2 protein chains.
Amino acid sequence: MALTQARTMPGVLELLPLDQIAFQRMLDVIRRNYQRFGFLPVETPVIEYADVLLTKTGGETERQVYFVQSTGALEQGEKPELALRFDLTVPLARYVAEHEHDLSFPFRRYQMQRVYRGERAQRGRFREFYQCDIDVIGKDSLSVRYDAELPAVIYSVFCELNIGAFTIQLNNRKLMRGYFESLGVTDPEQQTLVLREVDKLDKRGADYVRDTLTGAAFGLSADAAQKILDFVQVRSTSLQDAIAKLDALGAGPEVMEQGRAELKEVLGLIHDFGVPETHYALNLSIARGLDYYTGTVYETTLNDHPQIGSICSGGRYENLAGQYTKSHLPGVGISIGLTRLYWQLRDAGLVNTAHSTVDVLVTQMDPAQLPAYLAVAGELRAAGIATEVVLESGKLGKQFKYADRAGIRFVIVLGEDELAKGVVTVKDLRREDQFEVSRAELVKTLRVELEQAAVMG
Amino acid sequence: MALTQARTMPGVLELLPLDQIAFQRMLDVIRRNYQRFGFLPVETPVIEYADVLLTKTGGETERQVYFVQSTGALEQGEKPELALRFDLTVPLARYVAEHEHDLSFPFRRYQMQRVYRGERAQRGRFREFYQCDIDVIGKDSLSVRYDAELPAVIYSVFCELNIGAFTIQLNNRKLMRGYFESLGVTDPEQQTLVLREVDKLDKRGADYVRDTLTGAAFGLSADAAQKILDFVQVRSTSLQDAIAKLDALGAGPEVMEQGRAELKEVLGLIHDFGVPETHYALNLSIARGLDYYTGTVYETTLNDHPQIGSICSGGRYENLAGQYTKSHLPGVGISIGLTRLYWQLRDAGLVNTAHSTVDVLVTQMDPAQLPAYLAVAGELRAAGIATEVVLESGKLGKQFKYADRAGIRFVIVLGEDELAKGVVTVKDLRREDQFEVSRAELVKTLRVELEQAAVMG
C-alpha cells in the first residue's frame, strides 16, 4: 500500500505531550479561577446550523466560516446547512435564548472550547483555537457593578498563570462616543473611521494623523483633531490619577457623562474587589469594534511584552440575543484566546515544556518479580502519585534513559537486595541523586518530595 | 428584524449548567485515573485532511463522515479537502507517525475529545460525542503485559465513577480464530459471517442459529455448530474457573494455542494489578470488529444494567499506522464513549444533576456595604471556596430564591447587626438551617462544612 503523508492543515497547534501538559495546566488555572468566582460551565456543539450562526454577521467573519456537510448532503449537491462556530459569543446567545426559562439570571457562565476560522495560512494565525470566555448575562438589566467583577477575575487568572506583570486597561464606549460628539463627530460610522485613523498613531506619528483628520476626508478643525489625539492618549497611573483625568475632560453631552460616571464607578469598585492599582488603568484609546460593545471595554497587556498585544479582551454589550429572542439580555464578558497566547508566550520564552505528569517510573529488573513491582505501583497510585510500570523486559540502563527522555523525575529500583531488605531504591533524575527508603516509608517520602517540587515550581 | 429560532441540530447533547457540572466531574475522574496510571495527554485538531482520515476506511464509516469547506473553497465548487475526525484512533495513528521521532516508546497517551459522525437522527445516537481513550503504542513490539494494564485502569476509573457493579470481559481473537479454524471455518470472512449469526443467539435462540450454521449457507456439521455455540457461551466466575475453562477447550492449531497462552497470562496479571476477580471475566463471545483487533479484546458492562451494553471497549492491534509509516507500531487501547454513557446513566437514574460548583452566595443587604461584601468574598476565594457576590440591588428574599434555584448551598448575610458584631450569618439552604460565625472563623467553618459535604457526596 502506498503511504499517505501524516500531516495536519496549517493554522492548527498540535503539541507534543510535555507541551500539552503545559497547555493543560494553563487551561486548569483558568478554569479554577473562573469557578472560584462563581461562574458555571457550559459547552455547546462545535457544529451549529449555519442560519443560526450567521444571523448577525457579514463581511469578514462570514467569509471565514467553515461549512460542514455530511457525505449524503454533499452527494446531493445541497447548500451546506451546518457550520463550525467561529466564536463562543454567538453560541452563548443561542444557548441563552434556547434555554432561557431553565436558567437563573444573572446567568454567569464560563466556556472553554475551540473555535474555527478559515484564516489565511500565516505565522501566528490560527484556524482552530481555544477561547476561554466568561460572561454575565442579565434579564432586562444588569448592574454596571458586574463590569468591575470581570477585571477581578482577570487579575486572579493572570496572577496564577504567573507570566509576568500585566495591566488591565479600561475605557468606556459611551464616554468615547459622547466626547467625539462634543467635537462634532456625531455619525457612528464617521467615529469608526476616526478611530481607524487614530489607530495609526504608533506607526505613522501624530502629525500624519492630525493632517488626515483636518484634511478633506474628515474636515475637522485643528482644535478638534488635537483634542481627539489628546483624548486617545490618556493613560492613568493610579486610581486617583484616573479619576482626575476623567474629570479633566470637561463637561460633555449626556452620553459622555453617563460613560464617565460608569467608568468612575467601575474603577472604584475594581479597587474594592482587591485588584491593586498597579494592575489596572485608564486607556482611552481602546475601542474594540464599534458595533458590538456599548459601555465598558477592556484590554489586558503584559507590561514587558507589549508586542504580544491584548491577552484578554471584552466589554459590555447592550443585548446579547436580539436575533433569537424578544427578551432584553444585556451582558458583559471577556475572552482569553489561549491557543494564540500560549504560542506567543512560548515564542517569548515565558512558558516552557512541562515536566511529565508521570511522577514515578517503577523499573523492571526481573520479570519474575513483576507482581512485586505492580504492588508498589498500586500503593503509589492509591496515594494519588502518577506511576508508570515498565512492563517490557529490558536493560535497566535503557529504562533509566526512557524515564529521562520522558521527563519522569523519580525512578524506583527493586532488585533482589532491596526485596530481601524490605526497601526500595529511589533515583531522583532531576537532582541526580539516589536514596534507599523502607517500603513502609516510600509513599510518605515521595509525597513530601513531590509537594516540595510543586511549591518550587 | 425577524427572529431566527435558537436551536441545535439533532444528535448533539447540550446540557444545562448543573448537568454540565455532573458531566465535567465524570471527565475529571477519567482524566485523573488516566494520569495516575502514567498516561500522557494528547489533543489533535478536530479538522483533518480528508485523504489522511480516510486511508483505511470504507463502507459505513466513510458514509458518516462530515466534510468541511471554507467559504472560498465552497464558492469555487471544489471537492472538500477537509473532514471532521470520526474517532480518536485514526488521529492517534497520524499523530504517532508524524511525531514518531519526538516520542518515547512505549508511548502511553490519553485523549479526551469530541468526535463527529453523520449518524441518522435517532434517540440515543449522537453525531457529536466525547471519546476518552487510552492507548499504549510500542515500537516494533509491545509486551502482552500491557494488555493486562488496561483493565486495571478501567477498574480504577469505574470504581471512582461510582455507577454500580461492573465486569470487564475479555476474549482473545487468536483463540477465537484458531478455534474456528480447528472446526473447519478457516476463511476470515466466513468467520465474520459465523460471528454475525452467533450474535443473534439472544434474539433468535440456539435452535435458529444451529439451523443456520448447519444449513446451506455455512454447511457446518452438527457437531461443529454445537461446538461454536458452546464456545461463544463460555463465561468464567473466577480466575481459576477462567483458566480451567480455557484448558477445557482442548488442543488446537498454533494460533489458538498462542491466543490461549496470551489470555491466561493477561488474566493472571490483571489479578497482580490488584483487580478483584469479581470485576473481570472470560467472555468468549466478544469479537469487536474482526478486521482491526488481533489479540486481546475487551468489553465492560454494568452488572445491573446489561441493556446499556458495553461502556468501555477496546483491544490489541497489530499495527497502528501502516497507512502512514513503514514503522511497525503494535498497540493496545480502550475507549469510553462518555456522551452516550452519561446519557444512558442519566436515563437509568444513575447520575443526577449536580449541585452547583458555586459554594457560597454573598448577599447584598445594603449597596453601601458592597466593599465589605467584596472583602468577605475575596477571603473565601483566596481559600479556594467558589463564591458569587450579588452585585444587583434587590430584595433579600429574591436573592435567597436565586441561590436555591441555582443550587448554591451556603448563603451569607452581612447586615448592620452582623457588621457591628464582627460576625456573619450563614444560611445552609440544603439543611434549611442557619448559624452565626465570627468573621475570623468563617473560612475555617465553611471549609469544614464543604469537606464534609464532599465526603458525603
# chains A, B, ... in the order shown; residues from 1 in each chain; ligands from 1
call {"tool": "interface_residues", "arguments": {"of": "chain B", "to": "chain A", "cutoff": "6 Å", "atoms": "only C-alpha atoms", "output": "JSON, numbers by chain"}}
result
{"B": [3, 4, 5, 6, 14, 17, 36, 37, 38, 41, 42, 44, 63, 65, 66, 67, 68, 69, 70, 71, 94, 98, 118, 143, 272, 273, 323, 324, 358, 371, 374, 381, 386, 387, 388, 392]}
call {"tool": "residues_around", "arguments": {"residues": "His279 of chain B", "least_positions_apart": "3", "cutoff": "12 Å", "atoms": "only C-alpha atoms", "output": "count of residues only"}}
result
30
call {"tool": "select_by_dssp", "arguments": {"residues": "segment 17-73 of chain B", "states": "alpha helix (DSSP H)", "output": "ChimeraX atom specification"}}
result
/B:17-36,50-53,60-63,71-73
call {"tool": "select_by_dssp", "arguments": {"residues": "segment 118-316 of chain A", "states": "strand (DSSP E or B)", "output": "ChimeraX atom specification"}}
result
/A:128-137,166-172,235,280-283,293-302,312-316
call {"tool": "write_last_selection", "arguments": {"atoms": "N, CA, C and O atoms", "output": "short mmCIF file (atom, residue, chain, number, x, y, z; two decimals), in the first residue's frame"}}
result
data_model
loop_
_atom_site.label_atom_id
_atom_site.label_comp_id
_atom_site.auth_asym_id
_atom_site.auth_seq_id
_atom_site.Cartn_x
_atom_site.Cartn_y
_atom_site.Cartn_z
N GLU A 128 -7.84 26.93 14.16
CA GLU A 128 -8.51 26.28 15.29
C GLU A 128 -7.85 26.81 16.55
O GLU A 128 -6.63 26.72 16.66
N PHE A 129 -8.63 27.36 17.47
CA PHE A 129 -8.01 27.84 18.71
C PHE A 129 -9.00 27.84 19.86
O PHE A 129 -10.20 27.92 19.67
N TYR A 130 -8.43 27.71 21.05
CA TYR A 130 -9.24 27.76 22.27
C TYR A 130 -9.63 29.19 22.60
O TYR A 130 -8.79 30.10 22.55
N GLN A 131 -10.88 29.37 22.95
CA GLN A 131 -11.29 30.59 23.63
C GLN A 131 -11.75 30.20 25.02
O GLN A 131 -12.41 29.18 25.20
N CYS A 132 -11.40 31.03 25.99
CA CYS A 132 -11.80 30.80 27.38
C CYS A 132 -12.59 32.03 27.80
O CYS A 132 -12.00 33.07 28.08
N ASP A 133 -13.90 31.91 27.78
CA ASP A 133 -14.78 33.08 27.96
C ASP A 133 -15.52 33.03 29.29
O ASP A 133 -15.90 31.96 29.75
N ILE A 134 -15.73 34.20 29.87
CA ILE A 134 -16.77 34.33 30.89
C ILE A 134 -17.68 35.48 30.49
O ILE A 134 -17.24 36.49 29.91
N ASP A 135 -18.95 35.32 30.80
CA ASP A 135 -19.94 36.37 30.58
C ASP A 135 -20.93 36.34 31.72
O ASP A 135 -21.21 35.28 32.29
N VAL A 136 -21.44 37.51 32.06
CA VAL A 136 -22.58 37.62 32.97
C VAL A 136 -23.72 38.22 32.16
O VAL A 136 -23.55 39.28 31.54
N ILE A 137 -24.85 37.51 32.12
CA ILE A 137 -25.99 37.96 31.33
C ILE A 137 -27.13 38.31 32.26
O ILE A 137 -27.52 37.49 33.10
N PHE A 166 1.23 42.57 34.39
CA PHE A 166 0.23 42.88 33.37
C PHE A 166 -0.64 44.06 33.82
O PHE A 166 -0.68 44.38 35.01
N THR A 167 -1.27 44.69 32.86
CA THR A 167 -2.18 45.79 33.18
C THR A 167 -3.50 45.60 32.46
O THR A 167 -3.53 45.37 31.25
N ILE A 168 -4.58 45.67 33.24
CA ILE A 168 -5.92 45.61 32.66
C ILE A 168 -6.30 47.05 32.31
O ILE A 168 -6.33 47.91 33.18
N GLN A 169 -6.56 47.30 31.05
CA GLN A 169 -6.82 48.66 30.60
C GLN A 169 -8.29 48.84 30.27
O GLN A 169 -8.90 47.98 29.65
N LEU A 170 -8.83 49.96 30.72
CA LEU A 170 -10.28 50.17 30.58
C LEU A 170 -10.60 51.45 29.82
O LEU A 170 -9.88 52.45 29.91
N ASN A 171 -11.71 51.39 29.14
CA ASN A 171 -12.30 52.56 28.53
C ASN A 171 -13.81 52.36 28.59
O ASN A 171 -14.29 51.30 29.05
N ASN A 172 -14.55 53.37 28.14
CA ASN A 172 -16.00 53.24 28.10
C ASN A 172 -16.49 53.83 26.79
O ASN A 172 -16.17 54.98 26.45
N ARG A 235 -3.73 57.94 29.65
CA ARG A 235 -3.45 56.74 30.44
C ARG A 235 -3.39 57.19 31.89
O ARG A 235 -2.98 58.31 32.17
N TYR A 280 -4.33 47.93 37.01
CA TYR A 280 -5.37 48.37 36.08
C TYR A 280 -5.25 49.86 35.84
O TYR A 280 -4.73 50.59 36.68
N ALA A 281 -5.70 50.29 34.70
CA ALA A 281 -5.51 51.69 34.31
C ALA A 281 -6.51 52.10 33.24
O ALA A 281 -7.06 51.27 32.53
N LEU A 282 -6.72 53.38 33.18
CA LEU A 282 -7.49 54.00 32.12
C LEU A 282 -6.66 53.97 30.84
O LEU A 282 -5.46 54.25 30.86
N ASN A 283 -7.31 53.63 29.72
CA ASN A 283 -6.63 53.76 28.43
C ASN A 283 -7.71 54.16 27.42
O ASN A 283 -8.46 53.32 26.93
N TYR A 293 -19.80 46.43 21.31
CA TYR A 293 -19.73 46.88 22.70
C TYR A 293 -20.38 48.24 22.86
O TYR A 293 -20.30 49.09 21.97
N THR A 294 -21.01 48.46 24.02
CA THR A 294 -21.76 49.70 24.22
C THR A 294 -21.33 50.48 25.45
O THR A 294 -21.71 51.63 25.60
N GLY A 295 -20.56 49.87 26.35
CA GLY A 295 -20.15 50.57 27.57
C GLY A 295 -18.69 50.32 27.86
O GLY A 295 -17.83 50.62 27.04
N THR A 296 -18.44 49.70 29.01
CA THR A 296 -17.07 49.36 29.41
C THR A 296 -16.39 48.48 28.35
O THR A 296 -17.02 47.57 27.82
N VAL A 297 -15.14 48.78 28.05
CA VAL A 297 -14.33 47.87 27.23
C VAL A 297 -12.99 47.64 27.91
O VAL A 297 -12.48 48.52 28.62
N TYR A 298 -12.48 46.42 27.74
CA TYR A 298 -11.23 46.02 28.39
C TYR A 298 -10.22 45.49 27.38
O TYR A 298 -10.58 44.81 26.43
N GLU A 299 -8.96 45.76 27.69
CA GLU A 299 -7.86 45.01 27.08
C GLU A 299 -6.84 44.76 28.18
O GLU A 299 -6.71 45.57 29.10
N THR A 300 -6.10 43.68 28.07
CA THR A 300 -5.06 43.39 29.07
C THR A 300 -3.75 43.15 28.33
O THR A 300 -3.72 42.42 27.34
N THR A 301 -2.70 43.78 28.81
CA THR A 301 -1.41 43.62 28.15
C THR A 301 -0.33 43.25 29.16
O THR A 301 -0.44 43.57 30.35
N LEU A 302 0.68 42.55 28.68
CA LEU A 302 1.83 42.22 29.51
C LEU A 302 2.78 43.42 29.48
O LEU A 302 3.21 43.84 28.41
N CYS A 312 -6.31 39.45 26.80
CA CYS A 312 -7.64 39.19 27.35
C CYS A 312 -8.49 40.43 27.11
O CYS A 312 -8.16 41.50 27.60
N SER A 313 -9.55 40.30 26.33
CA SER A 313 -10.32 41.46 25.92
C SER A 313 -11.81 41.20 26.10
O SER A 313 -12.24 40.06 26.19
N GLY A 314 -12.56 42.30 26.13
CA GLY A 314 -14.01 42.14 26.23
C GLY A 314 -14.70 43.45 26.53
O GLY A 314 -14.11 44.52 26.34
N GLY A 315 -15.91 43.34 27.00
CA GLY A 315 -16.65 44.55 27.31
C GLY A 315 -18.12 44.30 27.55
O GLY A 315 -18.57 43.15 27.64
N ARG A 316 -18.83 45.40 27.67
CA ARG A 316 -20.26 45.40 27.97
C ARG A 316 -21.05 45.51 26.67
O ARG A 316 -20.68 46.27 25.78
#
call {"tool": "residues_around", "arguments": {"residues": "Leu213 of chain A", "least_positions_apart": "3", "cutoff": "10 Å", "atoms": "only C-alpha atoms", "output": "PyMOL selection string"}}
result
chain A and resi 193-194+197-198+207-210+216-222+224-226+228-229
call {"tool": "write_last_selection", "arguments": {"atoms": "N, CA and C atoms", "output": "compact mmCIF listing (two decimals), in the first residue's frame"}}
result
# COMPACT_ATOMS: atom_id res chain seq x y z
N LEU A 193 -14.35 55.58 11.55
CA LEU A 193 -13.26 55.97 10.65
C LEU A 193 -12.20 56.79 11.37
N VAL A 194 -12.67 57.68 12.24
CA VAL A 194 -11.72 58.48 13.04
C VAL A 194 -10.85 57.56 13.88
N GLU A 197 -8.16 55.90 11.96
CA GLU A 197 -7.01 56.79 11.74
C GLU A 197 -6.15 56.89 12.98
N VAL A 198 -6.85 57.04 14.12
CA VAL A 198 -6.16 57.22 15.39
C VAL A 198 -5.30 55.99 15.71
N ASP A 207 1.65 63.75 13.62
CA ASP A 207 1.49 64.72 12.53
C ASP A 207 0.67 64.13 11.38
N TYR A 208 0.98 62.91 11.03
CA TYR A 208 0.27 62.26 9.93
C TYR A 208 -1.22 62.16 10.25
N VAL A 209 -1.54 61.71 11.49
CA VAL A 209 -2.93 61.52 11.87
C VAL A 209 -3.64 62.88 11.92
N ARG A 210 -2.95 63.88 12.44
CA ARG A 210 -3.55 65.21 12.54
C ARG A 210 -3.88 65.75 11.15
N ALA A 216 -9.45 66.70 3.83
CA ALA A 216 -10.76 66.70 3.16
C ALA A 216 -11.67 65.58 3.66
N ALA A 217 -11.11 64.40 3.95
CA ALA A 217 -11.93 63.24 4.29
C ALA A 217 -12.72 63.45 5.58
N PHE A 218 -12.13 64.18 6.53
CA PHE A 218 -12.81 64.36 7.82
C PHE A 218 -13.22 65.82 8.07
N GLY A 219 -12.36 66.74 7.64
CA GLY A 219 -12.69 68.16 7.76
C GLY A 219 -12.83 68.65 9.20
N LEU A 220 -12.06 68.07 10.11
CA LEU A 220 -12.13 68.55 11.50
C LEU A 220 -11.27 69.79 11.67
N SER A 221 -11.64 70.60 12.64
CA SER A 221 -10.81 71.76 12.96
C SER A 221 -9.52 71.27 13.61
N ALA A 222 -8.50 72.10 13.55
CA ALA A 222 -7.22 71.75 14.18
C ALA A 222 -7.41 71.49 15.66
N ALA A 224 -10.21 70.43 17.21
CA ALA A 224 -10.92 69.17 17.42
C ALA A 224 -9.97 67.98 17.21
N ALA A 225 -9.16 68.05 16.15
CA ALA A 225 -8.22 66.97 15.87
C ALA A 225 -7.25 66.80 17.03
N GLN A 226 -6.76 67.92 17.54
CA GLN A 226 -5.82 67.84 18.65
C GLN A 226 -6.49 67.24 19.89
N ILE A 228 -8.93 65.16 19.99
CA ILE A 228 -9.07 63.70 19.79
C ILE A 228 -7.74 63.00 20.05
N LEU A 229 -6.66 63.59 19.51
CA LEU A 229 -5.34 63.00 19.75
C LEU A 229 -5.00 62.97 21.23
call {"tool": "atom_distance", "arguments": {"atom1": "atom CA of Val255 of chain A", "atom2": "atom CA of Leu175 of chain A"}}
result
6.7 Å
call {"tool": "closest_residue", "arguments": {"among": "B:Ile336, B:Leu263, B:Leu201, B:Met176", "to": "Ile286 of chain B", "atoms": "only C-alpha atoms"}}
result
B:Met176
call {"tool": "closest_residue", "arguments": {"among": "A:Asp211, A:Asp230, A:Asp202, A:Asp433", "to": "Tyr179 of chain A", "atoms": "only C-alpha atoms"}}
result
A:Asp230
call {"tool": "atom_distance", "arguments": {"atom1": "atom CA of Thr363 of chain B", "atom2": "atom CA of Val413 of chain B"}}
result
5.7 Å
call {"tool": "atom_distance", "arguments": {"atom1": "atom CA of Ile30 of chain B", "atom2": "atom CA of Met456 of chain B"}}
result
20.5 Å
